[in-house]
$ cat my_file_35.cif   # mmCIF, C-alpha atoms and all ligand atoms
data_my_file
loop_
_atom_site.label_atom_id
_atom_site.label_comp_id
_atom_site.auth_asym_id
_atom_site.auth_seq_id
_atom_site.Cartn_x
_atom_site.Cartn_y
_atom_site.Cartn_z
CA MET A 1 -57.09 4.28 -39.13
CA HIS A 2 -55.43 7.64 -39.59
CA TYR A 3 -52.53 9.77 -38.44
CA PHE A 4 -54.34 12.62 -36.69
CA ASP A 5 -53.45 12.24 -33.02
CA TYR A 6 -52.93 14.30 -29.90
CA LYS A 7 -49.35 14.74 -28.75
CA GLY A 8 -49.89 16.00 -25.25
CA GLN A 9 -52.79 18.42 -25.57
CA GLU A 10 -52.16 19.34 -29.19
CA LEU A 11 -53.67 17.67 -32.21
CA HIS A 12 -51.10 16.82 -34.88
CA CYS A 13 -51.21 15.50 -38.41
CA GLU A 14 -48.36 13.01 -38.48
CA GLU A 15 -45.52 15.01 -36.87
CA VAL A 16 -46.86 18.47 -37.69
CA SER A 17 -48.82 20.57 -35.21
CA LEU A 18 -52.11 21.81 -36.62
CA HIS A 19 -51.59 25.09 -34.79
CA GLN A 20 -48.47 25.68 -36.80
CA ILE A 21 -50.35 25.12 -40.08
CA ALA A 22 -53.16 27.42 -38.96
CA ASP A 23 -50.65 30.15 -38.11
CA GLU A 24 -48.75 29.83 -41.37
CA VAL A 25 -51.52 29.02 -43.86
CA GLY A 26 -54.64 30.35 -42.15
CA THR A 27 -58.07 28.80 -41.87
CA PRO A 28 -60.26 27.19 -43.09
CA THR A 29 -57.79 24.66 -44.50
CA TYR A 30 -58.04 21.05 -45.59
CA ILE A 31 -55.13 19.04 -44.21
CA TYR A 32 -54.30 15.66 -45.73
CA SER A 33 -52.01 13.02 -44.27
CA LYS A 34 -49.84 11.42 -46.95
CA ARG A 35 -49.10 8.45 -44.73
CA THR A 36 -52.83 7.80 -44.27
CA LEU A 37 -53.59 8.12 -47.98
CA GLU A 38 -50.84 5.67 -48.89
CA ARG A 39 -51.76 3.25 -46.14
CA HIS A 40 -55.40 3.20 -47.27
CA PHE A 41 -54.47 2.71 -50.91
CA ARG A 42 -52.29 -0.26 -49.99
CA ALA A 43 -54.89 -1.70 -47.60
CA PHE A 44 -57.28 -1.85 -50.54
CA ASP A 45 -54.76 -3.01 -53.11
CA GLU A 46 -52.92 -5.76 -51.23
CA PRO A 47 -55.81 -8.17 -50.57
CA PHE A 48 -56.20 -8.47 -54.34
CA SER A 49 -52.51 -9.08 -54.97
CA GLY A 50 -53.16 -12.73 -55.91
CA CYS A 51 -55.28 -11.79 -58.91
CA ASP A 52 -55.11 -9.56 -61.95
CA HIS A 53 -56.59 -6.28 -60.77
CA LEU A 54 -56.42 -2.50 -61.04
CA ILE A 55 -57.36 0.07 -58.42
CA CYS A 56 -58.85 3.09 -60.19
CA TYR A 57 -59.09 5.72 -57.47
CA SER A 58 -62.31 7.70 -57.87
CA VAL A 59 -61.15 11.22 -58.64
CA LYS A 60 -64.38 12.89 -57.54
CA ALA A 61 -63.73 12.01 -53.90
CA CYS A 62 -60.72 14.31 -53.70
CA SER A 63 -59.18 15.54 -56.88
CA ASN A 64 -56.15 17.65 -55.98
CA ILE A 65 -53.38 16.80 -58.45
CA ALA A 66 -50.79 16.26 -55.70
CA ILE A 67 -52.99 13.54 -54.27
CA LEU A 68 -53.64 12.01 -57.68
CA ARG A 69 -49.86 11.95 -58.18
CA LEU A 70 -49.46 9.91 -54.98
CA PHE A 71 -51.81 7.22 -56.27
CA ALA A 72 -50.25 7.23 -59.74
CA ARG A 73 -46.89 6.58 -58.03
CA LEU A 74 -48.44 3.60 -56.22
CA GLY A 75 -49.47 2.12 -59.59
CA GLY A 76 -53.09 3.21 -59.39
CA GLY A 77 -55.42 4.06 -62.19
CA PHE A 78 -58.33 6.48 -62.03
CA ASP A 79 -62.11 6.49 -62.26
CA ILE A 80 -63.28 9.73 -63.85
CA VAL A 81 -66.69 11.21 -64.59
CA SER A 82 -65.79 14.22 -66.72
CA ALA A 83 -63.20 15.54 -69.14
CA GLY A 84 -62.18 17.90 -66.35
CA GLU A 85 -61.21 14.96 -64.17
CA LEU A 86 -59.23 13.45 -67.05
CA HIS A 87 -57.43 16.78 -67.42
CA ARG A 88 -56.50 16.55 -63.73
CA VAL A 89 -55.25 12.97 -64.09
CA LEU A 90 -53.02 14.01 -66.99
CA ALA A 91 -51.75 17.06 -65.09
CA ALA A 92 -50.89 14.75 -62.19
CA GLY A 93 -48.87 12.45 -64.45
CA GLY A 94 -51.45 9.64 -64.27
CA ASP A 95 -51.47 6.99 -66.98
CA PRO A 96 -54.48 7.45 -69.30
CA HIS A 97 -54.33 3.75 -70.17
CA LYS A 98 -55.41 3.10 -66.59
CA VAL A 99 -58.45 5.39 -66.69
CA VAL A 100 -62.09 4.28 -66.67
CA PHE A 101 -64.73 6.84 -67.57
CA SER A 102 -68.09 6.57 -65.77
CA GLY A 103 -71.13 8.86 -65.82
CA VAL A 104 -74.55 8.99 -67.44
CA GLY A 105 -74.04 12.13 -69.51
CA LYS A 106 -70.75 11.96 -71.37
CA THR A 107 -70.79 14.44 -74.24
CA GLU A 108 -69.33 13.71 -77.66
CA GLU A 109 -66.60 16.25 -77.00
CA GLU A 110 -65.66 14.41 -73.79
CA MET A 111 -65.67 11.10 -75.67
CA ARG A 112 -63.28 12.49 -78.30
CA PHE A 113 -60.90 13.80 -75.66
CA ALA A 114 -60.89 10.47 -73.80
CA LEU A 115 -60.45 8.48 -77.03
CA ASP A 116 -57.54 10.68 -78.00
CA GLN A 117 -55.90 9.91 -74.68
CA GLY A 118 -56.41 6.17 -75.12
CA ILE A 119 -58.30 5.43 -71.90
CA LEU A 120 -58.80 1.87 -70.66
CA ALA A 121 -62.60 1.78 -70.74
CA PHE A 122 -65.73 3.79 -71.21
CA ASN A 123 -68.27 2.66 -68.62
CA VAL A 124 -71.31 3.04 -70.87
CA GLU A 125 -74.52 3.72 -69.00
CA SER A 126 -77.27 3.74 -71.67
CA GLU A 127 -78.22 2.66 -75.15
CA PRO A 128 -78.01 6.16 -76.69
CA GLU A 129 -74.57 6.62 -75.11
CA LEU A 130 -73.34 3.40 -76.74
CA PHE A 131 -74.53 4.52 -80.16
CA ALA A 132 -73.06 7.99 -79.70
CA LEU A 133 -69.70 6.52 -78.71
CA ASP A 134 -69.79 4.19 -81.71
CA ARG A 135 -70.41 7.16 -84.02
CA VAL A 136 -67.70 9.31 -82.44
CA ALA A 137 -65.11 6.53 -82.51
CA ARG A 138 -65.84 5.55 -86.12
CA LYS A 139 -65.46 9.15 -87.22
CA MET A 140 -62.04 9.15 -85.56
CA GLY A 141 -61.15 5.80 -87.15
CA ARG A 142 -61.02 4.27 -83.68
CA ARG A 143 -62.63 1.48 -81.71
CA ALA A 144 -63.65 2.49 -78.20
CA PRO A 145 -63.13 -0.04 -75.40
CA VAL A 146 -66.42 -0.42 -73.55
CA ALA A 147 -67.52 -1.87 -70.23
CA LEU A 148 -71.31 -1.84 -70.04
CA ARG A 149 -72.45 -0.48 -66.71
CA ILE A 150 -75.10 -2.83 -65.41
CA ASN A 151 -77.69 -1.74 -62.89
CA PRO A 152 -78.08 -4.95 -60.90
CA ASP A 153 -81.11 -3.70 -58.91
CA VAL A 154 -79.49 -4.29 -55.54
CA ASP A 155 -80.25 -2.20 -52.47
CA ALA A 156 -76.99 -0.71 -51.18
CA GLN A 157 -78.68 0.21 -47.87
CA THR A 158 -77.15 3.65 -47.82
CA HIS A 159 -78.37 7.27 -48.00
CA PRO A 160 -80.89 7.52 -50.89
CA TYR A 161 -78.88 10.31 -52.58
CA ILE A 162 -75.84 8.06 -52.95
CA SER A 163 -77.56 4.77 -53.75
CA THR A 164 -77.00 4.00 -57.43
CA GLY A 165 -77.76 0.31 -58.02
CA LEU A 166 -81.55 0.30 -57.79
CA LYS A 167 -83.61 0.19 -60.96
CA SER A 168 -85.21 3.49 -59.98
CA ASN A 169 -81.77 5.17 -60.10
CA LYS A 170 -80.51 6.91 -63.24
CA PHE A 171 -77.35 4.81 -63.42
CA GLY A 172 -76.43 1.83 -65.57
CA ILE A 173 -78.49 -0.44 -67.78
CA ALA A 174 -80.97 -3.02 -66.46
CA ILE A 175 -79.92 -6.61 -67.15
CA ASP A 176 -82.84 -7.40 -69.50
CA HIS A 177 -82.20 -4.26 -71.47
CA ALA A 178 -78.47 -4.97 -71.61
CA ARG A 179 -79.19 -8.41 -73.10
CA ARG A 180 -81.20 -6.89 -75.94
CA LEU A 181 -78.61 -4.18 -76.45
CA LEU A 182 -75.72 -6.62 -76.67
CA LEU A 183 -77.49 -8.66 -79.34
CA GLU A 184 -78.05 -5.47 -81.32
CA ALA A 185 -74.56 -4.08 -80.73
CA LYS A 186 -72.63 -6.99 -82.18
CA ASN A 187 -71.97 -5.28 -85.45
CA LEU A 188 -70.99 -1.86 -84.19
CA ALA A 189 -67.57 -1.15 -85.66
CA GLY A 190 -66.74 1.77 -83.35
CA VAL A 191 -67.00 -0.03 -80.01
CA GLU A 192 -65.49 -3.13 -78.54
CA ILE A 193 -67.51 -4.45 -75.61
CA MET A 194 -64.84 -6.11 -73.52
CA GLY A 195 -66.04 -5.51 -69.99
CA ILE A 196 -68.90 -5.30 -67.55
CA ASP A 197 -69.11 -2.61 -64.90
CA SER A 198 -71.27 -1.80 -61.90
CA HIS A 199 -71.30 0.63 -58.98
CA ILE A 200 -74.18 0.24 -56.55
CA GLY A 201 -73.67 3.14 -54.17
CA SER A 202 -71.42 4.88 -51.72
CA GLN A 203 -70.75 4.57 -47.98
CA LEU A 204 -71.84 0.92 -47.86
CA THR A 205 -71.29 -0.57 -44.43
CA LYS A 206 -72.12 -4.18 -45.23
CA VAL A 207 -70.55 -6.63 -47.60
CA GLU A 208 -73.79 -8.39 -48.62
CA PRO A 209 -74.99 -5.88 -51.26
CA PHE A 210 -71.58 -6.12 -52.98
CA VAL A 211 -71.79 -9.91 -52.93
CA HIS A 212 -75.34 -9.95 -54.32
CA ALA A 213 -74.37 -7.56 -57.09
CA LEU A 214 -71.34 -9.69 -57.98
CA GLU A 215 -73.43 -12.87 -58.13
CA ARG A 216 -75.82 -11.21 -60.56
CA LEU A 217 -73.00 -9.79 -62.63
CA LEU A 218 -71.25 -13.15 -62.96
CA LEU A 219 -74.42 -14.83 -64.24
CA PHE A 220 -74.68 -12.02 -66.72
CA VAL A 221 -71.03 -12.29 -67.78
CA ASP A 222 -71.60 -16.00 -68.52
CA TRP A 223 -74.57 -15.18 -70.68
CA VAL A 224 -72.67 -12.44 -72.53
CA ASN A 225 -69.78 -14.79 -73.28
CA GLN A 226 -72.22 -17.37 -74.61
CA GLN A 227 -73.28 -14.78 -77.17
CA GLY A 228 -69.79 -14.75 -78.62
CA TYR A 229 -68.34 -11.83 -76.67
CA SER A 230 -65.11 -12.12 -74.77
CA ILE A 231 -65.53 -10.36 -71.42
CA ARG A 232 -62.22 -10.10 -69.63
CA HIS A 233 -62.66 -6.98 -67.49
CA LEU A 234 -65.05 -6.79 -64.54
CA ASP A 235 -65.33 -3.42 -62.82
CA LEU A 236 -67.02 -3.60 -59.41
CA GLY A 237 -67.04 0.15 -58.78
CA GLY A 238 -66.36 1.75 -55.42
CA GLY A 239 -68.61 2.30 -52.44
CA LEU A 240 -66.91 0.74 -49.44
CA GLY A 241 -67.82 2.84 -46.41
CA ILE A 242 -65.80 4.29 -43.54
CA THR A 243 -66.37 5.04 -39.88
CA TYR A 244 -67.60 8.58 -39.35
CA LYS A 245 -69.20 7.86 -35.98
CA ASP A 246 -70.14 4.33 -35.00
CA GLU A 247 -70.44 2.57 -38.37
CA THR A 248 -68.58 -0.72 -38.63
CA PRO A 249 -67.91 -1.21 -42.33
CA PRO A 250 -65.99 -4.29 -43.43
CA HIS A 251 -62.22 -3.88 -43.64
CA PRO A 252 -60.99 -3.91 -47.27
CA GLY A 253 -59.48 -7.32 -46.51
CA GLU A 254 -62.90 -8.75 -45.56
CA TYR A 255 -64.48 -7.11 -48.58
CA ALA A 256 -61.83 -8.70 -50.82
CA THR A 257 -62.22 -12.15 -49.27
CA ALA A 258 -65.99 -12.07 -49.72
CA LEU A 259 -65.72 -11.05 -53.37
CA LEU A 260 -62.88 -13.43 -54.23
CA ASP A 261 -64.90 -16.30 -52.74
CA VAL A 262 -67.77 -15.62 -55.12
CA LEU A 263 -65.41 -15.13 -58.02
CA GLY A 264 -63.81 -18.56 -57.66
CA ASP A 265 -61.24 -19.32 -60.33
CA ARG A 266 -62.62 -17.15 -63.09
CA LYS A 267 -60.03 -15.44 -65.23
CA LEU A 268 -61.17 -11.86 -65.19
CA ARG A 269 -59.27 -8.67 -64.62
CA LEU A 270 -60.91 -6.99 -61.64
CA VAL A 271 -61.20 -3.21 -61.58
CA PHE A 272 -62.22 -1.23 -58.49
CA GLU A 273 -63.14 2.43 -58.13
CA PRO A 274 -62.70 3.27 -54.44
CA GLY A 275 -62.84 6.89 -53.34
CA ARG A 276 -64.06 7.42 -49.80
CA VAL A 277 -62.38 4.40 -48.23
CA ILE A 278 -59.01 5.78 -49.34
CA ALA A 279 -59.43 9.52 -48.86
CA GLY A 280 -62.22 9.88 -46.28
CA ASN A 281 -60.31 9.54 -43.04
CA ALA A 282 -57.11 10.95 -44.49
CA ALA A 283 -58.00 14.62 -44.00
CA ILE A 284 -59.53 17.12 -41.64
CA LEU A 285 -60.97 20.55 -42.18
CA LEU A 286 -59.20 22.94 -39.85
CA THR A 287 -61.36 25.85 -38.81
CA ARG A 288 -61.17 28.68 -36.28
CA VAL A 289 -63.86 29.86 -33.90
CA VAL A 290 -65.01 33.38 -34.78
CA TYR A 291 -67.63 33.83 -32.07
CA HIS A 292 -69.12 31.89 -29.23
CA LYS A 293 -72.82 32.75 -29.21
CA PRO A 294 -74.99 31.33 -26.45
CA THR A 295 -78.71 31.95 -26.99
CA GLU A 296 -81.78 31.00 -25.06
CA ALA A 297 -82.26 27.87 -27.15
CA LYS A 298 -78.74 26.82 -28.13
CA ASN A 299 -75.04 27.45 -27.87
CA PHE A 300 -73.67 28.32 -31.27
CA VAL A 301 -69.99 28.02 -32.02
CA ILE A 302 -69.56 30.13 -35.14
CA VAL A 303 -66.49 29.10 -37.12
CA ASP A 304 -64.78 30.35 -40.27
CA GLY A 305 -65.52 27.13 -42.20
CA ALA A 306 -68.99 26.72 -43.65
CA MET A 307 -71.28 24.67 -45.86
CA ASN A 308 -69.50 26.01 -48.95
CA ASP A 309 -66.33 24.35 -47.64
CA ALA A 310 -67.92 21.14 -46.39
CA ILE A 311 -71.44 20.49 -47.62
CA ARG A 312 -71.97 16.91 -46.42
CA PRO A 313 -73.73 17.83 -43.14
CA ALA A 314 -76.10 20.22 -44.92
CA LEU A 315 -76.75 18.00 -47.92
CA TYR A 316 -77.00 14.53 -46.41
CA GLY A 317 -77.36 15.25 -42.70
CA ALA A 318 -73.93 13.62 -42.51
CA TYR A 319 -72.07 13.28 -39.22
CA HIS A 320 -68.48 14.49 -38.93
CA ALA A 321 -66.78 14.43 -35.55
CA VAL A 322 -65.57 17.87 -34.43
CA ILE A 323 -62.73 18.00 -31.91
CA PRO A 324 -60.59 20.76 -30.41
CA VAL A 325 -57.07 21.19 -31.73
CA ARG A 326 -55.88 22.03 -28.21
CA THR A 327 -57.71 20.01 -25.62
CA SER A 328 -57.88 21.36 -22.10
CA GLY A 329 -59.77 18.44 -20.63
CA GLY A 330 -62.03 21.16 -19.19
CA ALA A 331 -65.81 21.59 -19.05
CA THR A 332 -67.98 20.70 -22.02
CA GLU A 333 -71.26 22.04 -23.35
CA THR A 334 -73.75 21.07 -26.03
CA VAL A 335 -73.25 23.17 -29.15
CA ASP A 336 -74.08 23.59 -32.79
CA VAL A 337 -70.96 24.27 -34.85
CA VAL A 338 -72.10 26.60 -37.62
CA GLY A 339 -70.57 28.71 -40.38
CA PRO A 340 -71.10 32.33 -41.39
CA ILE A 341 -73.35 31.52 -44.38
CA CYS A 342 -76.84 32.96 -44.51
CA GLU A 343 -78.75 29.69 -44.29
CA THR A 344 -79.99 27.75 -41.31
CA GLY A 345 -78.70 24.65 -43.11
CA ASP A 346 -75.17 25.99 -42.71
CA PHE A 347 -73.95 23.72 -39.94
CA LEU A 348 -70.99 21.40 -39.58
CA ALA A 349 -72.25 19.66 -36.45
CA ARG A 350 -75.40 19.85 -34.35
CA ASP A 351 -76.08 19.08 -30.71
CA ARG A 352 -72.53 18.02 -29.94
CA GLU A 353 -70.83 17.79 -26.62
CA LEU A 354 -67.68 19.89 -27.08
CA GLU A 355 -65.14 21.45 -24.75
CA VAL A 356 -66.17 25.05 -24.14
CA SER A 357 -64.43 27.11 -26.80
CA ALA A 358 -63.71 30.77 -27.29
CA ALA A 359 -63.03 33.02 -30.26
CA GLY A 360 -59.66 32.13 -31.77
CA ASP A 361 -59.71 28.45 -30.82
CA LEU A 362 -59.09 25.90 -33.52
CA LEU A 363 -61.39 22.96 -34.28
CA ALA A 364 -60.85 19.95 -36.50
CA VAL A 365 -63.72 18.58 -38.56
CA MET A 366 -62.73 14.95 -38.92
CA SER A 367 -63.08 12.49 -41.82
CA ALA A 368 -63.27 15.34 -44.31
CA GLY A 369 -60.99 13.92 -47.02
CA ALA A 370 -63.66 12.50 -49.33
CA TYR A 371 -66.28 14.76 -50.89
CA GLY A 372 -64.98 17.61 -48.77
CA PHE A 373 -62.93 20.07 -50.78
CA SER A 374 -64.10 18.46 -54.04
CA MET A 375 -67.70 19.51 -53.31
CA SER A 376 -66.80 22.98 -52.08
CA SER A 377 -68.11 26.10 -53.76
CA ASN A 378 -67.88 29.87 -53.62
CA TYR A 379 -71.37 30.35 -52.20
CA ASN A 380 -71.71 33.66 -50.36
CA SER A 381 -68.63 34.76 -52.35
CA ARG A 382 -66.32 32.91 -50.03
CA PRO A 383 -62.89 32.10 -51.47
CA ARG A 384 -62.31 28.36 -51.32
CA ALA A 385 -60.10 26.96 -48.59
CA ALA A 386 -56.41 26.11 -48.91
CA GLU A 387 -55.29 22.48 -49.09
CA VAL A 388 -52.17 21.19 -47.33
CA LEU A 389 -50.43 17.83 -47.58
CA VAL A 390 -48.42 16.60 -44.60
CA ASP A 391 -45.61 14.09 -44.90
CA GLY A 392 -43.95 13.23 -41.60
CA ASP A 393 -42.57 16.48 -40.19
CA ARG A 394 -42.95 18.54 -43.35
CA TYR A 395 -45.90 19.92 -45.22
CA ALA A 396 -46.73 21.74 -48.44
CA VAL A 397 -49.62 23.89 -49.57
CA ILE A 398 -51.06 21.89 -52.47
CA ARG A 399 -53.73 24.45 -53.26
CA GLN A 400 -53.49 28.11 -52.42
CA ARG A 401 -56.39 29.68 -50.63
CA GLU A 402 -58.42 31.54 -53.24
CA THR A 403 -58.21 35.30 -53.23
CA ARG A 404 -61.01 37.78 -53.56
CA ASP A 405 -59.84 38.45 -57.13
CA ASP A 406 -60.17 34.74 -57.92
CA LEU A 407 -63.86 35.14 -57.15
CA LEU A 408 -64.25 37.52 -60.10
CA ARG A 409 -62.29 35.43 -62.61
CA GLY A 410 -64.17 35.14 -65.90
CA GLU A 411 -66.83 37.68 -65.05
CA SER A 412 -67.33 40.82 -67.13
CA ILE A 413 -69.72 43.72 -67.39
CA PRO A 414 -71.11 44.30 -70.92
CA ASP A 415 -70.60 47.87 -72.16
CA TRP A 416 -74.37 48.31 -72.61
CA ILE A 417 -75.03 48.22 -68.89
N1 LIG B 501 -67.47 4.91 -59.05
C1 LIG B 501 -68.57 5.56 -59.41
C2 LIG B 501 -69.15 5.32 -60.73
C3 LIG B 501 -69.17 6.49 -58.53
O1 LIG B 501 -70.27 7.14 -58.89
C4 LIG B 501 -68.58 6.72 -57.26
C5 LIG B 501 -69.15 7.68 -56.34
C6 LIG B 501 -67.40 6.01 -56.94
C7 LIG B 501 -66.89 5.11 -57.84
C8 LIG B 501 -66.68 6.19 -55.62
O2 LIG B 501 -67.46 5.81 -54.57
P1 LIG B 501 -66.85 5.73 -53.09
O3 LIG B 501 -65.83 4.62 -53.06
O4 LIG B 501 -66.24 7.03 -52.78
O5 LIG B 501 -68.02 5.45 -52.23
N2 LIG B 501 -70.94 13.10 -52.30
C9 LIG B 501 -71.36 11.88 -51.63
C10 LIG B 501 -70.83 10.64 -52.29
C11 LIG B 501 -71.17 10.56 -53.75
C12 LIG B 501 -70.62 9.32 -54.41
C13 LIG B 501 -70.79 9.42 -55.88
N3 LIG B 501 -70.20 8.34 -56.60
C14 LIG B 501 -70.96 11.97 -50.16
O6 LIG B 501 -70.38 12.97 -49.77
O7 LIG B 501 -71.26 11.08 -49.39
#

$ encode --input "my_file_35.cif" --output "C-alpha cells" --more "lines below"
Ligand code: LLP
Amino acid sequence: MHYFDYKGQELHCEEVSLHQIADEVGTPTYIYSKRTLERHFRAFDEPFSGCDHLICYSVKACSNIAILRLFARLGGGFDIVSAGELHRVLAAGGDPHKVVFSGVGKTEEEMRFALDQGILAFNVESEPELFALDRVARKMGRRAPVALRINPDVDAQTHPYISTGLKSNKFGIAIDHARRLLLEAKNLAGVEIMGIDSHIGSQLTKVEPFVHALERLLLFVDWVNQQGYSIRHLDLGGGLGITYKDETPPHPGEYATALLDVLGDRKLRLVFEPGRVIAGNAAILLTRVVYHKPTEAKNFVIVDGAMNDAIRPALYGAYHAVIPVRTSGGATETVDVVGPICETGDFLARDRELEVSAAGDLLAVMSAGAYGFSMSSNYNSRPRAAEVLVDGDRYAVIRQRETRDDLLRGESIPDWI
C-alpha cells in the first residue's frame, strides 16, 4: 500500500505531481511519501498494542534525519549498526534510550559513544565482543545492557546475501556456544545480560521462518533464566518482506498474530527492528530519459539514474517496477532501463515491457525507499541524488543534490606531488 497514484495520466506522490518536483528539484531524485511512511509504521506497531513492545526502525534502510524524525515522533526507537547511525538518530531528535545497537564489528570507540548516550541494548554478536564491551564499560564505571544475538540456524528462504540466521552466516552466536558463554559471563561486572536478540534475514515472504526462530529462542530464554539470569527483553529483529513484483508476504498483522500465538502469556518486552516493510514502498526514484537507444539486440532506455543511485538490481538482481510518470496508454516495447555508468551491470530494469519513451520523459523506479538512497555512492564521480519528502500537497527537499564540489570534499594533493 502506498500513495503513488495516477491522477489522470500523471503520476503523483500524494497530492503533488512528480513532474513538478522534477522541474523544481531536478533528477535523479528520491521522493518519499510521509503518509505512506506513517501508515506503514502504524501498521507494524498497532498489532502489538496489547503487549509491551518497542519498534526500533532499522536506520540502515533509509537514514535521512527527516525520516528518522517522523518515526521518533510516532514513539519509535531505532536499530543502528554504527556510531554514524547513532549520530543521525541524535541529530533527528531520537531518544537514545530507545536505541539497540547491532553489528558484528563494533569498535571500542563506538561502544564508548553508545554507552555515553545511554542506549537501550547492545546486541552482542560474539564472545570477543562481549569481553571487549565488558572492558570498555568497566573502564567507564558503567554496566552495559546486553542482548545476546543468537543465530538460531533457521533458513530465511531469501536471497543468500541477505540471509543472516544460518550457522554459516557471520551473524550472532550459535545456541550451544551461547550456553557456554553465559555460564562464563556470569561474573562480568561491565555487562548486564538482560535480553536475547535475533535477526534471521531480510525480505522474508513467509511467516514460518520467523515462527521457527521464535520457538528456538523461547526454549533458549527458558534455559537462560534457569541459570539465574533475568531475561526481560526479546528482540526479534526485522526482515518482513514487501511486494516488489508478485511476492505475497504476510501482512504485519498476520506476522504479529503468528508470533503472539507462539509467545503465549510470557512477560517479555518485545523489540522489533523493521526497515524495509516500513520504508520500501514509501519512495520512488524519479529519473529522466537521456537517450532512447535501439540496437540490433535490445532497446536501451538510458536514464540519468544509475547503479550508484540504486544498486539493488545490480547487486542482488532485484526487481523494481519502472513506470512512466506521464502515461499515454500508447504502444509499448521491451527495453532495458540502464544508467550512464561504465559497467554492463548498470541497469535498473531488464527486459521490461514499457510504453515507448523519448529523451526528456520521466520514469519512476518503484519501491525504492529501503536500501535505495542509503546504499548510494559517488561511483563514476556522480553527485548523489536529492531526497524529497511529500506531505499532502506540499513537499520539502530533505537532502540537497550533491554538487561537483561535494565530490572533492576531504581530498587533498600533497605538496610533494
Ligand atoms: N536488524 C538487523 C540486525 C539487520 O541486519 C537488518 C537488515 C534489519 C534489522 C532490517 O531488516 P529489514 O526489516 O529491512 O529486512 N541491502 C539489502 C538488505 C540488507 C539487510 C541488512 N540487514 C537489500 O537491499 O535488499

$ closest_atom_pairs --input "my_file_35.cif" --of "chain A" --to "ligand LIG 501 (chain B)" --cutoff "8 Å" --atoms "only C-alpha atoms and all ligand atoms" --output "Markdown table"
| residue | atom | partner | partner_atom | distance |
| --- | --- | --- | --- | --- |
| A:Tyr57 | CA | B:LIG501 | C8 | 7.8 |
| A:Ser58 | CA | B:LIG501 | C8 | 5.1 |
| A:Lys60 | CA | B:LIG501 | C5 | 7.2 |
| A:Ala61 | CA | B:LIG501 | O4 | 5.7 |
| A:Asp79 | CA | B:LIG501 | N1 | 6.4 |
| A:Ile80 | CA | B:LIG501 | C2 | 8.0 |
| A:Val81 | CA | B:LIG501 | C2 | 7.5 |
| A:Ser102 | CA | B:LIG501 | C2 | 5.3 |
| A:Gly103 | CA | B:LIG501 | C2 | 6.5 |
| A:Tyr161 | CA | B:LIG501 | C9 | 7.7 |
| A:Ile162 | CA | B:LIG501 | C11 | 5.4 |
| A:Thr164 | CA | B:LIG501 | O1 | 7.6 |
| A:Ser198 | CA | B:LIG501 | C2 | 7.5 |
| A:His199 | CA | B:LIG501 | C2 | 5.4 |
| A:Gly201 | CA | B:LIG501 | O5 | 6.4 |
| A:Ser202 | CA | B:LIG501 | O5 | 3.5 |
| A:Gln203 | CA | B:LIG501 | O5 | 5.1 |
| A:Leu204 | CA | B:LIG501 | O5 | 7.4 |
| A:Gly237 | CA | B:LIG501 | N1 | 4.8 |
| A:Gly238 | CA | B:LIG501 | O3 | 3.8 |
| A:Gly239 | CA | B:LIG501 | O5 | 3.2 |
| A:Leu240 | CA | B:LIG501 | O3 | 5.4 |
| A:Gly241 | CA | B:LIG501 | O5 | 6.4 |
| A:Phe272 | CA | B:LIG501 | C7 | 7.9 |
| A:Glu273 | CA | B:LIG501 | C7 | 4.6 |
| A:Pro274 | CA | B:LIG501 | O3 | 3.7 |
| A:Gly275 | CA | B:LIG501 | O4 | 3.4 |
| A:Arg276 | CA | B:LIG501 | O4 | 3.7 |
| A:Val277 | CA | B:LIG501 | O3 | 5.9 |
| A:Ile278 | CA | B:LIG501 | O3 | 7.9 |
| A:Ile311 | CA | B:LIG501 | O6 | 7.9 |
| A:Arg312 | CA | B:LIG501 | O6 | 5.4 |
| A:Tyr316 | CA | B:LIG501 | O7 | 7.3 |
| A:Ala318 | CA | B:LIG501 | O7 | 7.8 |
| A:Ala370 | CA | B:LIG501 | O6 | 6.8 |
| A:Tyr371 | CA | B:LIG501 | O6 | 4.6 |
| A:Gly372 | CA | B:LIG501 | O6 | 7.2 |
| A:Met375 | CA | B:LIG501 | N2 | 7.3 |

$ closest_residue --input "my_file_35.cif" --among "A:Lys139, A:His233, A:Lys245, A:His320" --to "Leu120 of chain A" --atoms "only C-alpha atoms"
A:His233

$ axis_aligned_box --input "my_file_35.cif" --around "segment 3-17 of chain A" --padding-each-side "5 Å" --output "JSON"
{"center_x": -49.9, "center_y": 15.2, "center_z": -31.9, "size_x": 18.8, "size_y": 20.8, "size_z": 23.2}

$ closest_residue --input "my_file_35.cif" --among "A:Ile175, A:Leu54, A:Ile284, A:Ala258" --to "Tyr3 of chain A" --atoms "all atoms listed in the file"
A:Ile284

$ atom_distance --input "my_file_35.cif" --atom1 "atom CA of Leu37 of chain A" --atom2 "atom CA of Met366 of chain A"
14.6 Å

$ closest_residue --input "my_file_35.cif" --among "A:Gly369, A:Val325, A:Glu353, A:Arg382" --to "Glu10 of chain A" --atoms "only C-alpha atoms"
A:Val325

$ closest_residue --input "my_file_35.cif" --among "A:Lys7, A:Lys267, A:Arg35, A:Arg143" --to "Tyr395 of chain A" --atoms "only C-alpha atoms"
A:Arg35

$ residues_around --input "my_file_35.cif" --residues "segment 123-131 of chain A" --least-positions-apart "4" --cutoff "7 Å" --atoms "all atoms listed in the file" --output "ChimeraX atom specification"
/A:100-104,135,146-149,171-173,181,197

$ write_last_selection --input "my_file_35.cif" --atoms "C-alpha atoms" --output "PDB file, keeping the file's coordinate frame"
ATOM      1  CA  VAL A 100     -62.090   4.280 -66.670  1.00  0.00           C
ATOM      2  CA  PHE A 101     -64.730   6.840 -67.570  1.00  0.00           C
ATOM      3  CA  SER A 102     -68.090   6.570 -65.770  1.00  0.00           C
ATOM      4  CA  GLY A 103     -71.130   8.860 -65.820  1.00  0.00           C
ATOM      5  CA  VAL A 104     -74.550   8.990 -67.440  1.00  0.00           C
ATOM      6  CA  ARG A 135     -70.410   7.160 -84.020  1.00  0.00           C
ATOM      7  CA  VAL A 146     -66.420  -0.420 -73.550  1.00  0.00           C
ATOM      8  CA  ALA A 147     -67.520  -1.870 -70.230  1.00  0.00           C
ATOM      9  CA  LEU A 148     -71.310  -1.840 -70.040  1.00  0.00           C
ATOM     10  CA  ARG A 149     -72.450  -0.480 -66.710  1.00  0.00           C
ATOM     11  CA  PHE A 171     -77.350   4.810 -63.420  1.00  0.00           C
ATOM     12  CA  GLY A 172     -76.430   1.830 -65.570  1.00  0.00           C
ATOM     13  CA  ILE A 173     -78.490  -0.440 -67.780  1.00  0.00           C
ATOM     14  CA  LEU A 181     -78.610  -4.180 -76.450  1.00  0.00           C
ATOM     15  CA  ASP A 197     -69.110  -2.610 -64.900  1.00  0.00           C
TER      16      ASP A 197
END
